[in-house]
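Visitor: One file: run_0.pdb (PDB, C-alpha atoms and all ligand atoms).
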MODEL        1
ATOM      1  CA  MET A 154    -110.540  98.257 -94.223  1.00  0.00           C
ATOM      2  CA  LYS A 155    -109.387  95.049 -92.511  1.00  0.00           C
ATOM      3  CA  LYS A 156    -105.626  94.659 -92.649  1.00  0.00           C
ATOM      4  CA  GLU A 157    -104.673  91.213 -93.913  1.00  0.00           C
ATOM      5  CA  LYS A 158    -102.167  89.265 -91.872  1.00  0.00           C
ATOM      6  CA  LYS A 159     -98.964  88.438 -93.674  1.00  0.00           C
ATOM      7  CA  TYR A 160     -98.454  85.232 -91.679  1.00  0.00           C
ATOM      8  CA  PHE A 161    -100.567  82.140 -90.930  1.00  0.00           C
ATOM      9  CA  VAL A 162    -101.743  80.971 -87.510  1.00  0.00           C
ATOM     10  CA  HIS A 163    -103.928  77.858 -87.212  1.00  0.00           C
ATOM     11  CA  GLU A 164    -107.145  78.571 -85.316  1.00  0.00           C
ATOM     12  CA  SER A 165    -106.173  76.128 -82.524  1.00  0.00           C
ATOM     13  CA  SER A 166    -103.105  78.195 -81.544  1.00  0.00           C
ATOM     14  CA  PHE A 167    -102.810  81.137 -79.135  1.00  0.00           C
ATOM     15  CA  ILE A 168    -100.809  84.275 -79.782  1.00  0.00           C
ATOM     16  CA  ASP A 169    -100.392  86.526 -76.724  1.00  0.00           C
ATOM     17  CA  ASP A 170    -100.210  90.327 -76.834  1.00  0.00           C
ATOM     18  CA  LYS A 171     -97.010  92.109 -77.814  1.00  0.00           C
ATOM     19  CA  VAL A 172     -95.796  89.403 -80.140  1.00  0.00           C
ATOM     20  CA  GLU A 173     -94.118  90.159 -83.495  1.00  0.00           C
ATOM     21  CA  ILE A 174     -94.415  87.647 -86.305  1.00  0.00           C
ATOM     22  CA  GLY A 175     -92.741  88.158 -89.679  1.00  0.00           C
ATOM     23  CA  LYS A 176     -94.324  87.720 -93.071  1.00  0.00           C
ATOM     24  CA  GLY A 177     -94.569  84.239 -94.521  1.00  0.00           C
ATOM     25  CA  THR A 178     -94.286  82.527 -91.123  1.00  0.00           C
ATOM     26  CA  LYS A 179     -96.654  79.625 -90.433  1.00  0.00           C
ATOM     27  CA  ILE A 180     -97.775  78.519 -86.979  1.00  0.00           C
ATOM     28  CA  TRP A 181     -99.505  75.147 -87.000  1.00  0.00           C
ATOM     29  CA  HIS A 182    -101.853  73.371 -84.545  1.00  0.00           C
ATOM     30  CA  PHE A 183    -102.025  73.727 -80.735  1.00  0.00           C
ATOM     31  CA  SER A 184     -99.110  76.097 -80.304  1.00  0.00           C
ATOM     32  CA  HIS A 185     -98.683  79.027 -77.899  1.00  0.00           C
ATOM     33  CA  ILE A 186     -96.598  82.124 -78.587  1.00  0.00           C
ATOM     34  CA  GLN A 187     -96.037  84.074 -75.356  1.00  0.00           C
ATOM     35  CA  SER A 188     -95.834  87.820 -74.893  1.00  0.00           C
ATOM     36  CA  GLY A 189     -92.779  89.799 -75.867  1.00  0.00           C
ATOM     37  CA  SER A 190     -91.502  87.187 -78.288  1.00  0.00           C
ATOM     38  CA  LYS A 191     -90.339  87.975 -81.821  1.00  0.00           C
ATOM     39  CA  ILE A 192     -90.473  85.501 -84.673  1.00  0.00           C
ATOM     40  CA  GLY A 193     -88.873  86.430 -87.982  1.00  0.00           C
ATOM     41  CA  GLU A 194     -89.982  85.881 -91.564  1.00  0.00           C
ATOM     42  CA  ASN A 195     -90.664  82.578 -93.319  1.00  0.00           C
ATOM     43  CA  CYS A 196     -90.435  80.447 -90.187  1.00  0.00           C
ATOM     44  CA  SER A 197     -92.287  77.187 -89.680  1.00  0.00           C
ATOM     45  CA  ILE A 198     -93.587  76.509 -86.172  1.00  0.00           C
ATOM     46  CA  GLY A 199     -94.965  72.979 -85.902  1.00  0.00           C
ATOM     47  CA  GLN A 200     -97.626  71.360 -83.763  1.00  0.00           C
ATOM     48  CA  ASN A 201     -97.617  71.728 -79.958  1.00  0.00           C
ATOM     49  CA  VAL A 202     -94.821  74.295 -79.850  1.00  0.00           C
ATOM     50  CA  ASN A 203     -94.440  76.761 -76.999  1.00  0.00           C
ATOM     51  CA  ILE A 204     -92.461  79.973 -77.548  1.00  0.00           C
ATOM     52  CA  GLY A 205     -91.756  81.506 -74.135  1.00  0.00           C
ATOM     53  CA  GLN A 206     -91.783  85.160 -73.137  1.00  0.00           C
ATOM     54  CA  ASN A 207     -89.266  87.532 -74.719  1.00  0.00           C
ATOM     55  CA  VAL A 208     -87.778  84.879 -77.001  1.00  0.00           C
ATOM     56  CA  ASN A 209     -86.068  86.026 -80.216  1.00  0.00           C
ATOM     57  CA  ILE A 210     -86.248  83.826 -83.284  1.00  0.00           C
ATOM     58  CA  GLY A 211     -84.616  84.786 -86.586  1.00  0.00           C
ATOM     59  CA  ASN A 212     -85.779  84.264 -90.163  1.00  0.00           C
ATOM     60  CA  HIS A 213     -86.285  80.901 -91.929  1.00  0.00           C
ATOM     61  CA  VAL A 214     -86.217  78.971 -88.649  1.00  0.00           C
ATOM     62  CA  LYS A 215     -87.891  75.556 -88.589  1.00  0.00           C
ATOM     63  CA  ILE A 216     -89.252  74.265 -85.286  1.00  0.00           C
ATOM     64  CA  GLN A 217     -90.752  70.803 -85.478  1.00  0.00           C
ATOM     65  CA  ASN A 218     -93.497  69.274 -83.323  1.00  0.00           C
ATOM     66  CA  ASN A 219     -93.418  69.262 -79.502  1.00  0.00           C
ATOM     67  CA  VAL A 220     -90.641  71.785 -78.881  1.00  0.00           C
ATOM     68  CA  SER A 221     -90.579  74.477 -76.164  1.00  0.00           C
ATOM     69  CA  ILE A 222     -88.328  77.491 -76.686  1.00  0.00           C
ATOM     70  CA  TYR A 223     -87.980  78.860 -73.146  1.00  0.00           C
ATOM     71  CA  GLU A 224     -87.092  82.404 -72.164  1.00  0.00           C
ATOM     72  CA  GLY A 225     -83.313  82.788 -72.367  1.00  0.00           C
ATOM     73  CA  VAL A 226     -83.041  80.857 -75.626  1.00  0.00           C
ATOM     74  CA  GLU A 227     -82.223  82.697 -78.870  1.00  0.00           C
ATOM     75  CA  LEU A 228     -82.344  81.144 -82.323  1.00  0.00           C
ATOM     76  CA  GLU A 229     -80.588  82.841 -85.240  1.00  0.00           C
ATOM     77  CA  ASP A 230     -81.588  82.574 -88.903  1.00  0.00           C
ATOM     78  CA  TYR A 231     -82.069  79.122 -90.471  1.00  0.00           C
ATOM     79  CA  VAL A 232     -81.841  77.179 -87.201  1.00  0.00           C
ATOM     80  CA  PHE A 233     -83.520  73.755 -87.326  1.00  0.00           C
ATOM     81  CA  CYS A 234     -85.051  72.239 -84.166  1.00  0.00           C
ATOM     82  CA  GLY A 235     -85.964  68.578 -84.660  1.00  0.00           C
ATOM     83  CA  PRO A 236     -89.104  67.007 -83.202  1.00  0.00           C
ATOM     84  CA  SER A 237     -89.309  66.761 -79.421  1.00  0.00           C
ATOM     85  CA  MET A 238     -85.868  68.245 -78.810  1.00  0.00           C
ATOM     86  CA  VAL A 239     -85.611  70.002 -75.451  1.00  0.00           C
ATOM     87  CA  PHE A 240     -84.177  73.327 -74.336  1.00  0.00           C
ATOM     88  CA  THR A 241     -83.769  74.239 -70.648  1.00  0.00           C
ATOM     89  CA  ASN A 242     -83.197  77.546 -68.875  1.00  0.00           C
ATOM     90  CA  ILE A 243     -82.468  76.586 -65.261  1.00  0.00           C
ATOM     91  CA  LYS A 244     -79.451  74.421 -64.549  1.00  0.00           C
ATOM     92  CA  LEU A 245     -80.329  73.246 -61.037  1.00  0.00           C
ATOM     93  CA  PRO A 246     -84.140  73.064 -60.917  1.00  0.00           C
ATOM     94  CA  ARG A 247     -85.855  72.591 -57.548  1.00  0.00           C
ATOM     95  CA  SER A 248     -89.614  72.794 -57.008  1.00  0.00           C
ATOM     96  CA  GLU A 249     -88.991  73.710 -53.380  1.00  0.00           C
ATOM     97  CA  PHE A 250     -86.743  76.650 -54.316  1.00  0.00           C
ATOM     98  CA  PRO A 251     -88.311  78.125 -57.462  1.00  0.00           C
ATOM     99  CA  GLN A 252     -86.144  80.309 -59.672  1.00  0.00           C
ATOM    100  CA  ARG A 253     -88.431  82.562 -61.668  1.00  0.00           C
ATOM    101  CA  GLY A 254     -87.632  85.720 -63.585  1.00  0.00           C
ATOM    102  CA  SER A 255     -85.582  86.711 -66.583  1.00  0.00           C
ATOM    103  CA  LYS A 256     -82.413  87.352 -64.558  1.00  0.00           C
ATOM    104  CA  LEU A 257     -82.247  83.745 -63.389  1.00  0.00           C
ATOM    105  CA  TYR A 258     -82.502  82.087 -66.780  1.00  0.00           C
ATOM    106  CA  LEU A 259     -79.212  80.952 -68.262  1.00  0.00           C
ATOM    107  CA  LYS A 260     -78.784  82.041 -71.875  1.00  0.00           C
ATOM    108  CA  THR A 261     -78.594  79.581 -74.742  1.00  0.00           C
ATOM    109  CA  LEU A 262     -77.669  80.869 -78.196  1.00  0.00           C
ATOM    110  CA  VAL A 263     -78.104  78.764 -81.306  1.00  0.00           C
ATOM    111  CA  LYS A 264     -76.211  80.410 -84.122  1.00  0.00           C
ATOM    112  CA  LYS A 265     -77.076  80.689 -87.787  1.00  0.00           C
ATOM    113  CA  SER A 266     -77.934  77.493 -89.669  1.00  0.00           C
ATOM    114  CA  ALA A 267     -77.205  75.111 -86.788  1.00  0.00           C
ATOM    115  CA  SER A 268     -79.377  71.970 -86.640  1.00  0.00           C
ATOM    116  CA  ILE A 269     -80.531  70.101 -83.550  1.00  0.00           C
ATOM    117  CA  GLY A 270     -81.685  66.522 -84.098  1.00  0.00           C
ATOM    118  CA  ALA A 271     -84.850  64.892 -82.810  1.00  0.00           C
ATOM    119  CA  ASN A 272     -85.044  64.343 -79.072  1.00  0.00           C
ATOM    120  CA  ALA A 273     -81.730  66.058 -78.294  1.00  0.00           C
ATOM    121  CA  THR A 274     -81.437  67.992 -75.014  1.00  0.00           C
ATOM    122  CA  ILE A 275     -79.596  71.286 -74.650  1.00  0.00           C
ATOM    123  CA  VAL A 276     -78.538  71.994 -71.067  1.00  0.00           C
ATOM    124  CA  CYS A 277     -78.772  75.779 -70.677  1.00  0.00           C
ATOM    125  CA  GLY A 278     -75.888  78.248 -70.760  1.00  0.00           C
ATOM    126  CA  VAL A 279     -74.263  77.101 -73.996  1.00  0.00           C
ATOM    127  CA  THR A 280     -73.657  78.512 -77.476  1.00  0.00           C
ATOM    128  CA  ILE A 281     -74.115  76.230 -80.459  1.00  0.00           C
ATOM    129  CA  GLY A 282     -71.965  77.511 -83.310  1.00  0.00           C
ATOM    130  CA  GLU A 283     -72.932  78.246 -86.912  1.00  0.00           C
ATOM    131  CA  TYR A 284     -73.782  75.198 -89.031  1.00  0.00           C
ATOM    132  CA  ALA A 285     -73.159  72.813 -86.110  1.00  0.00           C
ATOM    133  CA  MET A 286     -75.054  69.521 -86.277  1.00  0.00           C
ATOM    134  CA  ILE A 287     -76.379  68.005 -83.044  1.00  0.00           C
ATOM    135  CA  GLY A 288     -77.237  64.320 -83.456  1.00  0.00           C
ATOM    136  CA  SER A 289     -80.623  63.007 -82.381  1.00  0.00           C
ATOM    137  CA  GLY A 290     -80.782  62.170 -78.704  1.00  0.00           C
ATOM    138  CA  ALA A 291     -77.524  63.975 -77.844  1.00  0.00           C
ATOM    139  CA  VAL A 292     -77.255  65.826 -74.530  1.00  0.00           C
ATOM    140  CA  VAL A 293     -75.323  69.057 -75.087  1.00  0.00           C
ATOM    141  CA  THR A 294     -73.629  70.318 -71.912  1.00  0.00           C
ATOM    142  CA  LYS A 295     -70.889  72.580 -73.362  1.00  0.00           C
ATOM    143  CA  ASP A 296     -70.377  75.127 -76.132  1.00  0.00           C
ATOM    144  CA  VAL A 297     -70.307  73.602 -79.591  1.00  0.00           C
ATOM    145  CA  PRO A 298     -67.836  75.054 -82.132  1.00  0.00           C
ATOM    146  CA  ALA A 299     -69.101  76.077 -85.575  1.00  0.00           C
ATOM    147  CA  TYR A 300     -69.405  73.259 -88.138  1.00  0.00           C
ATOM    148  CA  SER A 301     -69.007  70.576 -85.435  1.00  0.00           C
ATOM    149  CA  LEU A 302     -70.876  67.280 -85.238  1.00  0.00           C
ATOM    150  CA  VAL A 303     -71.921  66.369 -81.682  1.00  0.00           C
ATOM    151  CA  VAL A 304     -73.389  63.022 -80.597  1.00  0.00           C
ATOM    152  CA  GLY A 305     -73.974  61.099 -77.375  1.00  0.00           C
ATOM    153  CA  ASN A 306     -74.614  61.681 -73.703  1.00  0.00           C
ATOM    154  CA  PRO A 307     -72.866  63.769 -72.635  1.00  0.00           C
ATOM    155  CA  GLY A 308     -72.475  65.225 -76.118  1.00  0.00           C
ATOM    156  CA  ARG A 309     -68.996  65.085 -77.608  1.00  0.00           C
ATOM    157  CA  VAL A 310     -67.613  66.571 -80.803  1.00  0.00           C
ATOM    158  CA  VAL A 311     -66.930  63.630 -83.108  1.00  0.00           C
ATOM    159  CA  GLY A 312     -66.290  65.407 -86.393  1.00  0.00           C
ATOM    160  CA  LYS A 313     -66.853  68.333 -88.692  1.00  0.00           C
ATOM    161  CA  VAL A 314     -69.679  68.979 -91.133  1.00  0.00           C
ATOM    162  CA  ASP A 315     -70.028  71.193 -94.170  1.00  0.00           C
ATOM    163  CA  LYS A 316     -72.803  73.708 -94.827  1.00  0.00           C
ATOM    164  CA  LYS A 317     -75.155  70.959 -95.988  1.00  0.00           C
ATOM    165  CA  GLY A 318     -74.452  68.814 -92.923  1.00  0.00           C
ATOM    166  CA  ASN A 319     -72.276  66.211 -94.613  1.00  0.00           C
ATOM    167  CA  CYS A 320     -69.303  64.930 -92.605  1.00  0.00           C
ATOM    168  CA  VAL A 321     -65.952  66.219 -93.801  1.00  0.00           C
ATOM    169  CA  LYS A 322     -62.485  64.874 -93.072  1.00  0.00           C
TER     170      LYS A 322
HETATM  171  C1  LIG A 401     -76.587  67.409 -64.263  1.00  0.00           C
HETATM  172  C2  LIG A 401     -76.445  68.894 -63.944  1.00  0.00           C
HETATM  173  C3  LIG A 401     -77.271  69.235 -62.731  1.00  0.00           C
HETATM  174  C4  LIG A 401     -74.955  69.108 -63.694  1.00  0.00           C
HETATM  175  O1  LIG A 401     -74.674  70.467 -63.536  1.00  0.00           O
HETATM  176  P1  LIG A 401     -73.160  70.886 -63.123  1.00  0.00           P
HETATM  177  O2  LIG A 401     -72.829  70.253 -61.823  1.00  0.00           O
HETATM  178  O3  LIG A 401     -73.052  72.379 -63.240  1.00  0.00           O
HETATM  179  O4  LIG A 401     -72.271  70.143 -64.225  1.00  0.00           O
HETATM  180  P2  LIG A 401     -71.224  70.699 -65.284  1.00  0.00           P
HETATM  181  O5  LIG A 401     -71.890  71.507 -66.332  1.00  0.00           O
HETATM  182  O6  LIG A 401     -70.085  71.334 -64.557  1.00  0.00           O
HETATM  183  O7  LIG A 401     -70.723  69.349 -65.963  1.00  0.00           O
HETATM  184  C5  LIG A 401     -69.922  68.390 -65.264  1.00  0.00           C
HETATM  185  C6  LIG A 401     -69.769  67.152 -66.134  1.00  0.00           C
HETATM  186  O8  LIG A 401     -71.016  66.476 -66.227  1.00  0.00           O
HETATM  187  C7  LIG A 401     -71.441  66.390 -67.590  1.00  0.00           C
HETATM  188  N1  LIG A 401     -72.898  66.619 -67.597  1.00  0.00           N
HETATM  189  C8  LIG A 401     -73.539  67.742 -67.159  1.00  0.00           C
HETATM  190  N2  LIG A 401     -74.857  67.583 -67.321  1.00  0.00           N
HETATM  191  C9  LIG A 401     -75.054  66.382 -67.885  1.00  0.00           C
HETATM  192  C10 LIG A 401     -76.207  65.695 -68.317  1.00  0.00           C
HETATM  193  N3  LIG A 401     -77.431  66.226 -68.160  1.00  0.00           N
HETATM  194  N4  LIG A 401     -76.041  64.478 -68.884  1.00  0.00           N
HETATM  195  C11 LIG A 401     -74.790  63.951 -69.042  1.00  0.00           C
HETATM  196  N5  LIG A 401     -73.669  64.557 -68.633  1.00  0.00           N
HETATM  197  C12 LIG A 401     -73.798  65.759 -68.062  1.00  0.00           C
HETATM  198  C13 LIG A 401     -70.658  67.488 -68.306  1.00  0.00           C
HETATM  199  O9  LIG A 401     -70.490  67.184 -69.678  1.00  0.00           O
HETATM  200  C14 LIG A 401     -69.357  67.445 -67.549  1.00  0.00           C
HETATM  201  O10 LIG A 401     -68.620  66.327 -68.013  1.00  0.00           O
HETATM  202  P3  LIG A 401     -67.002  66.336 -68.165  1.00  0.00           P
HETATM  203  O11 LIG A 401     -66.483  66.714 -66.846  1.00  0.00           O
HETATM  204  O12 LIG A 401     -66.702  64.959 -68.610  1.00  0.00           O
HETATM  205  O13 LIG A 401     -66.679  67.381 -69.181  1.00  0.00           O
HETATM  206  C15 LIG A 401     -76.915  69.800 -65.131  1.00  0.00           C
HETATM  207  O14 LIG A 401     -75.994  69.758 -66.206  1.00  0.00           O
HETATM  208  C16 LIG A 401     -78.300  69.394 -65.636  1.00  0.00           C
HETATM  209  O15 LIG A 401     -78.491  68.460 -66.423  1.00  0.00           O
HETATM  210  N6  LIG A 401     -79.303  70.142 -65.139  1.00  0.00           N
HETATM  211  C17 LIG A 401     -80.701  69.912 -65.455  1.00  0.00           C
HETATM  212  C18 LIG A 401     -81.222  70.981 -66.415  1.00  0.00           C
HETATM  213  C19 LIG A 401     -82.708  70.837 -66.583  1.00  0.00           C
HETATM  214  O16 LIG A 401     -83.208  69.781 -66.953  1.00  0.00           O
HETATM  215  N7  LIG A 401     -83.469  71.899 -66.268  1.00  0.00           N
HETATM  216  C20 LIG A 401     -84.906  71.809 -66.326  1.00  0.00           C
HETATM  217  C21 LIG A 401     -85.554  73.114 -66.013  1.00  0.00           C
HETATM  218  S1  LIG A 401     -85.367  74.283 -67.320  1.00  0.00           S
ENDMDL
END
Can you turn what I pasted into structure tokens?
Ligand SMILES: CC(C)(COP(=O)(O)OP(=O)(O)OC[C@H]1O[C@@H](n2cnc3c(N)ncnc32)[C@H](O)[C@@H]1OP(=O)(O)O)[C@@H](O)C(=O)NCCC(=O)NCCS
Guide:
Amino acid sequence: MKKEKKYFVHESSFIDDKVEIGKGTKIWHFSHIQSGSKIGENCSIGQNVNIGQNVNIGNHVKIQNNVSIYEGVELEDYVFCGPSMVFTNIKLPRSEFPQRGSKLYLKTLVKKSASIGANATIVCGVTIGEYAMIGSGAVVTKDVPAYSLVVGNPGRVVGKVDKKGNCVK
């Protein structure tokens, strides 16, 4: 008997071998999930998303269109990645001196329920704390404390937010 999949993958997307996808997760058009990656339950993976090798993604994570989650990036439960935001995994990229391989990728951890606005850039090697809110277009170059609001380039903490993302005094 054919075993029914407990998740949805649009026919235009590619799922490599050795990938784990949790139940209720939906993967929309033109996306690529690379080998060794794990995606939790009830996630939404938008259009033109690339999940790199060995990436771990928690449950209830929402990744909007045109986002690449490179190896070295980890997303905990309920993380939100806005459209066209950018992660990195090499701090000093040079085509002439390629740095390939898991050991060379700087780690980026996005903790539970943090949100990253549209078009923001996360320079690798940082931790974004729980419930932090990264404004659209911000360039994050340092660790972000939990419940902090970060805007600008370079990103600066300009306030605190509550669980729903509203600014608090
Ligand atoms: C610009 C860059 C090369 C600097 O690296 P670095 O010399 O190690 O710099 P540091 O992290 O020590 O930061 C030094 C200062 O520059 C700021 N800064 C770093 N990168 C920045 C960026 N991209 N935009 C704006 N400011 C930046 C930091 O906030 C810090 O400011 P401060 O001293 O006022 O606190 C690096 O941060 C970067 O952007 N690398 C490119 C990553 C990338 O695109 N990779 C693509 C392949 S995955």
Visitor: Find the axis-aligned box for stretch 179-195 of chain A, covering all its listed atoms and adding 4 Å on each side, and write its centre and edge lengths in Å to one decimal as AutoDock Vina command-line options.
Guide:
--center_x -95.4 --center_y 81.6 --center_z -84.1 --size_x 21.2 --size_y 24.4 --size_z 26.4
Visitor: Which is closer to ligand LIG 401 (chain A) than all the others in A:Val297, A:Lys256, A:Asp315, A:Lys244, using only C-alpha atoms and all ligand atoms?
Guide: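 Nearest to ligand LIG 401 (chain A): A:Lys244.
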Visitor: Find the residue from A:Glu224, A:Glu157, A:Asn195, A:Val276 that sits nearest to A:Val208; use all atoms listed in the file when measuring.
Guide: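 Closest to A:Val208, using all atoms listed in the file: A:Glu224.
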Visitor: For ligand LIG 401 (chain A), collect every residue having any atom at a distance of at most 10 Å from a ligand atom (counting all atoms listed in the file); output as a PyMOL selection string.
Guide: chain A and resi 223-224+239-248+252+258-259+274-279+291-295+305-309
Visitor: I'd like to know which of A:Ser166, A:Gly177, A:Pro251, A:Leu262 is closest to A:Ile210, using only C-alpha atoms.
Guide: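 Smallest distance to A:Ile210 is found for A:Leu262.
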Visitor: Go ahead and compute the interatomic distance for atom CA of A:Asn319 and atom CA of A:Gly288, in Å to one decimal.
Guide: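 One can read the atom CA of A:Asn319 to atom CA of A:Gly288 distance as 12.4 Å.
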Visitor: As an exercise, work out the distance from atom CA of A:Gly282 to atom CA of A:Ala267 in Å and give it to one decimal place.
Guide: 6.7 Å
Visitor: List the residues selected by the PyMOL selection byres (((chain A and resi 237) around 8) and not hetatm) in the file shown, writing them as an mmCIF file with C-alpha atoms, in the coordinates of the input.
Guide:
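Dumped everything to selection-v2.cif:
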data_model
loop_
_atom_site.group_PDB
_atom_site.id
_atom_site.type_symbol
_atom_site.label_atom_id
_atom_site.label_comp_id
_atom_site.auth_asym_id
_atom_site.auth_seq_id
_atom_site.Cartn_x
_atom_site.Cartn_y
_atom_site.Cartn_z
ATOM 1 C CA GLN A 217 -90.752 70.803 -85.478
ATOM 2 C CA ASN A 218 -93.497 69.274 -83.323
ATOM 3 C CA ASN A 219 -93.418 69.262 -79.502
ATOM 4 C CA VAL A 220 -90.641 71.785 -78.881
ATOM 5 C CA GLY A 235 -85.964 68.578 -84.660
ATOM 6 C CA PRO A 236 -89.104 67.007 -83.202
ATOM 7 C CA MET A 238 -85.868 68.245 -78.810
ATOM 8 C CA VAL A 239 -85.611 70.002 -75.451
ATOM 9 C CA ALA A 271 -84.850 64.892 -82.810
ATOM 10 C CA ASN A 272 -85.044 64.343 -79.072
ATOM 11 C CA ALA A 273 -81.730 66.058 -78.294
#
Visitor: May I ask for the distance between atom CA of A:Val321 and atom CA of A:Ile281, given in Å to one decimal place?
Guide: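 If I compute the distance from atom CA of A:Val321 to atom CA of A:Ile281, I get 18.6 Å.
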Visitor: Might you spell out which residues the PyMOL selection byres (((chain A and resi 185) around 12) and not hetatm) would select in the displayed file, as a count of residues only?
Guide: 33
Visitor: Enumerate, as a list in words, the residues matched when the PyMOL selection byres (((chain A and resi 214) around 7) and not hetatm) is run on the file above.
Guide: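 Those residues are Cys196, Ser197, Gly211, Asn212, His213, Lys215, Ile216, Asp230, Tyr231, Val232 and Phe233 of chain A.
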Visitor: Please write as a ChimeraX atom specification the list of polymer residues whose atoms come within 8 Å of (-94.1, 88.5, -96.3), counting only C-alpha atoms and keeping to the coordinates of the file.
Guide: /A:159-160,175-178,194-195
Visitor: Keeping only C-alpha atoms, write the selected residues as a PDB file, in the frame of the given file.
Guide:
ATOM      1  CA  LYS A 159     -98.964  88.438 -93.674  1.00  0.00           C
ATOM      2  CA  TYR A 160     -98.454  85.232 -91.679  1.00  0.00           C
ATOM      3  CA  GLY A 175     -92.741  88.158 -89.679  1.00  0.00           C
ATOM      4  CA  LYS A 176     -94.324  87.720 -93.071  1.00  0.00           C
ATOM      5  CA  GLY A 177     -94.569  84.239 -94.521  1.00  0.00           C
ATOM      6  CA  THR A 178     -94.286  82.527 -91.123  1.00  0.00           C
ATOM      7  CA  GLU A 194     -89.982  85.881 -91.564  1.00  0.00           C
ATOM      8  CA  ASN A 195     -90.664  82.578 -93.319  1.00  0.00           C
TER       9      ASN A 195
END
Visitor: Find, counting all atoms listed in the file, the residue in A:Val310, A:Gly290, A:Ser255, A:Val303 that gets nearest to A:Gly270.
Guide: A:Gly290
Visitor: For A:Asn209, work out the shell of residues within 7 Å, counting only C-alpha atoms and skipping chain neighbours fewer than 4 positions away, then give it as a list in words.
Guide: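 Near A:Asn209, the qualifying residues are Ser190, Lys191, Ile192, Glu227 and Leu228 of chain A.
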